[in-house]
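Peer 1: What follows is a structure written as structure tokens; I'll ask about it next.
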Amino acid sequence: MTKRNILIEPDPILRKKSDPVEKVDKELKKLMDDMLETMYAAPGIGLAAVQIGILKRLIVIDISKEKEKKNPLFLINPSITFKSKKISTYEEGCLSLPNYFAEIERPAECHIDYINYDGKKKELKASGLLSTCIQHEIDHLNGILFIDYLSKLKKDMIIKKLVKYKKELNKVVL
Ligand code: K1U
Ligand code: ZN
């Protein structure tokens, strides 16, 4: 498994819509394994392929706690089939927006259809953090970041600070 670089906003790739996966083969499984390693190393509880620069509708999630057994979920071509009217609020983070967190409102429950690691069609009913995380990651597949739900003032301020942060990172690397 290989740890990949995570793209940081502002980056035009993060704003693109990802394409459906055509087939689940060895190459795709290697990509999913790399995504999982990248997510665990970050550390994070979710990662969409676009965050490592790959425009495929592919997500990995693991919301298990530090001391619990790992419980990775691989979602290929996920599609939301139900969103509850009930709303929940969660303080979200994003590996492409390092050090920023914001309270975001989303439907409390969602149901999805997806294809799993073995290429099988599946359904999932999610609530709580899993539901929030799935919706956050599916937003990534559509080029949406949680800052898009904030006021223009807050969003612009965060992007301005991230531009500065990325300049500093480049200085360190060079
Ligand atoms: O998509 C991403 O950038 C990953 C993001 C997922 C997410 C977090 C919270 C709400 C919705 C979606 C993260 O994993 S941010 C890091 C994080 O939440 C975390 C990191 C270590 C331990 C526990 C949580
Ligand atoms: Zn994110």
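Identifiers in the structure tokens: chain A, B, ... in order shown; residue index from 1 per chain; ligand index from 1 in order shown.
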Just want the residues within 7 Å of ligand 1, written as a list in words, counting only C-alpha atoms and all ligand atoms.

Peer 2: Pro43, Gly44, Ile45, Gly46, Leu47, Ala48, Tyr90, Glu91, Glu92, Gly93, Cys94, Leu95, Ser96, Leu129, Thr132, Cys133, His136 and Glu137 of chain A

Peer 1: Could you write out the selected residues, including N, CA and C atoms, as a PDB file, in the first residue's frame?

Peer 2:
ATOM      1  N   PRO A  43      -4.562  11.683  10.389  1.00  0.00           N
ATOM      2  CA  PRO A  43      -5.585  10.660  10.295  1.00  0.00           C
ATOM      3  C   PRO A  43      -6.936  11.298   9.974  1.00  0.00           C
ATOM      4  N   GLY A  44      -7.825  10.460   9.383  1.00  0.00           N
ATOM      5  CA  GLY A  44      -9.177  10.920   9.093  1.00  0.00           C
ATOM      6  C   GLY A  44     -10.146   9.766   9.209  1.00  0.00           C
ATOM      7  N   ILE A  45     -11.424  10.088   9.042  1.00  0.00           N
ATOM      8  CA  ILE A  45     -12.457   9.047   9.115  1.00  0.00           C
ATOM      9  C   ILE A  45     -13.089   8.810   7.743  1.00  0.00           C
ATOM     10  N   GLY A  46     -12.652   9.593   6.740  1.00  0.00           N
ATOM     11  CA  GLY A  46     -13.169   9.417   5.387  1.00  0.00           C
ATOM     12  C   GLY A  46     -12.196   9.987   4.381  1.00  0.00           C
ATOM     13  N   LEU A  47     -12.308   9.542   3.140  1.00  0.00           N
ATOM     14  CA  LEU A  47     -11.488  10.108   2.057  1.00  0.00           C
ATOM     15  C   LEU A  47     -12.164   9.776   0.726  1.00  0.00           C
ATOM     16  N   ALA A  48     -12.252  10.771  -0.133  1.00  0.00           N
ATOM     17  CA  ALA A  48     -12.773  10.546  -1.488  1.00  0.00           C
ATOM     18  C   ALA A  48     -11.578  10.546  -2.447  1.00  0.00           C
ATOM     19  N   TYR A  90     -23.246  18.668  12.934  1.00  0.00           N
ATOM     20  CA  TYR A  90     -22.000  18.028  13.370  1.00  0.00           C
ATOM     21  C   TYR A  90     -20.845  18.962  13.055  1.00  0.00           C
ATOM     22  N   GLU A  91     -19.864  19.017  13.952  1.00  0.00           N
ATOM     23  CA  GLU A  91     -18.684  19.848  13.673  1.00  0.00           C
ATOM     24  C   GLU A  91     -17.774  19.071  12.715  1.00  0.00           C
ATOM     25  N   GLU A  92     -17.783  19.467  11.455  1.00  0.00           N
ATOM     26  CA  GLU A  92     -17.045  18.723  10.432  1.00  0.00           C
ATOM     27  C   GLU A  92     -15.632  19.260  10.241  1.00  0.00           C
ATOM     28  N   GLY A  93     -14.745  18.333   9.900  1.00  0.00           N
ATOM     29  CA  GLY A  93     -13.396  18.687   9.473  1.00  0.00           C
ATOM     30  C   GLY A  93     -13.238  18.187   8.050  1.00  0.00           C
ATOM     31  N   CYS A  94     -12.113  18.484   7.435  1.00  0.00           N
ATOM     32  CA  CYS A  94     -11.864  17.991   6.075  1.00  0.00           C
ATOM     33  C   CYS A  94     -10.356  17.962   5.859  1.00  0.00           C
ATOM     34  N   LEU A  95      -9.867  16.839   5.359  1.00  0.00           N
ATOM     35  CA  LEU A  95      -8.413  16.709   5.162  1.00  0.00           C
ATOM     36  C   LEU A  95      -7.911  17.654   4.069  1.00  0.00           C
ATOM     37  N   SER A  96      -8.816  18.177   3.247  1.00  0.00           N
ATOM     38  CA  SER A  96      -8.433  19.152   2.216  1.00  0.00           C
ATOM     39  C   SER A  96      -8.571  20.590   2.709  1.00  0.00           C
ATOM     40  N   LEU A 129     -22.849   9.837  12.935  1.00  0.00           N
ATOM     41  CA  LEU A 129     -21.610  10.279  12.279  1.00  0.00           C
ATOM     42  C   LEU A 129     -21.428   9.619  10.904  1.00  0.00           C
ATOM     43  N   THR A 132     -23.394  11.557   8.358  1.00  0.00           N
ATOM     44  CA  THR A 132     -22.717  12.841   8.086  1.00  0.00           C
ATOM     45  C   THR A 132     -21.513  12.623   7.189  1.00  0.00           C
ATOM     46  N   CYS A 133     -20.710  11.608   7.537  1.00  0.00           N
ATOM     47  CA  CYS A 133     -19.471  11.360   6.809  1.00  0.00           C
ATOM     48  C   CYS A 133     -19.768  10.945   5.359  1.00  0.00           C
ATOM     49  N   HIS A 136     -20.757  14.037   3.444  1.00  0.00           N
ATOM     50  CA  HIS A 136     -19.574  14.879   3.236  1.00  0.00           C
ATOM     51  C   HIS A 136     -18.734  14.321   2.078  1.00  0.00           C
ATOM     52  N   GLU A 137     -18.544  12.999   2.067  1.00  0.00           N
ATOM     53  CA  GLU A 137     -17.691  12.380   1.034  1.00  0.00           C
ATOM     54  C   GLU A 137     -18.380  12.399  -0.337  1.00  0.00           C
TER      55      GLU A 137
END

Peer 1: Tell me, as number ranges by chain, which residues lie within 10 Å of range 147-150 of chain A, counting only C-alpha atoms; anything in the same chain fewer than 5 positions away does not count.

Peer 2: A: 92-94, 97, 100-105, 155-156, 158-159

Peer 1: When DSSP works through the backbone of this structure, what residues of chain A end up as strand (DSSP E), shown as an NGL selection string?

Peer 2: :A and (46-48 or 58-61 or 73-83 or 87-92 or 102-107 or 110-115 or 121-126)

Peer 1: Find the spatial neighbours of Leu55 in chain A, counting only C-alpha atoms, within a cut-off of 8 Å - ignore same-chain residues fewer than 2 positions away - and output them as a list of chain:residue names.

Peer 2: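 With the cut-off at 8 Å, the set is A:Lys16, A:Lys17, A:Ser18, A:Asp19, A:Ala49, A:Val50, A:Gly53, A:Arg57, A:Leu141.
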
Peer 1: Dump as a Markdown table the rows for residues of range 116-169 of chain A within 12 Å of range 75-83 of chain A: closest atom pair and distance in Å with one decimal, only C-alpha atoms counted, ordered by chain and rising residue number.

Peer 2:
| residue | atom | partner | partner_atom | distance |
| --- | --- | --- | --- | --- |
| A:Asn116 | CA | A:Leu75 | CA | 5.7 |
| A:Tyr117 | CA | A:Leu75 | CA | 7.5 |
| A:Asp118 | CA | A:Ile76 | CA | 10.1 |
| A:Gly119 | CA | A:Ile76 | CA | 8.4 |
| A:Lys120 | CA | A:Ile76 | CA | 9.7 |
| A:Lys121 | CA | A:Ile76 | CA | 9.3 |
| A:Lys122 | CA | A:Leu75 | CA | 9.3 |
| A:Glu123 | CA | A:Thr81 | CA | 9.3 |
| A:Leu124 | CA | A:Ile80 | CA | 9.6 |
| A:Lys125 | CA | A:Phe82 | CA | 8.8 |
| A:Ala126 | CA | A:Lys83 | CA | 9.8 |
| A:Ser127 | CA | A:Lys83 | CA | 10.2 |
| A:Ser131 | CA | A:Lys83 | CA | 9.5 |
| A:Thr132 | CA | A:Lys83 | CA | 11.1 |
| A:Cys133 | CA | A:Leu75 | CA | 11.9 |
| A:Ile134 | CA | A:Pro78 | CA | 9.0 |
| A:Gln135 | CA | A:Ile80 | CA | 8.5 |
| A:His136 | CA | A:Ile80 | CA | 12.0 |
| A:Glu137 | CA | A:Pro78 | CA | 9.8 |
| A:Ile138 | CA | A:Pro78 | CA | 7.4 |
| A:Asp139 | CA | A:Ser79 | CA | 11.0 |
| A:His140 | CA | A:Pro78 | CA | 11.8 |
| A:Leu141 | CA | A:Asn77 | CA | 9.4 |
| A:Asn142 | CA | A:Ser79 | CA | 11.4 |

Peer 1: Quick check, in Å to one decimal: how far apart do CA of Asp34 in chain A and CA of Lys70 in chain A lie?

Peer 2: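 If I compute the distance from CA of Asp34 in chain A to CA of Lys70 in chain A, I get 15.7 Å.
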
Peer 1: Please identify the helix (DSSP H, G or I) residues within range 68-159 of chain A (assignment by DSSP from backbone atoms) and present them as a PyMOL selection string.

Peer 2: chain A and resi 128-141+146-149+152-159

Peer 1: With only C-alpha atoms and all ligand atoms as the basis for distance, which of A:Ser88, A:Asn71, A:Thr2, A:Asn99 is at the shortest distance from ligand 2?

Peer 2: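 Counting only C-alpha atoms and all ligand atoms, the residue closest to ligand 2 is A:Asn99.
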
Peer 1: Grab the CA of Pro20 in chain A to CA of Met32 in chain A distance for me, in Å with one decimal place.

Peer 2: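 Answer for the CA of Pro20 in chain A to CA of Met32 in chain A separation: 14.5 Å.
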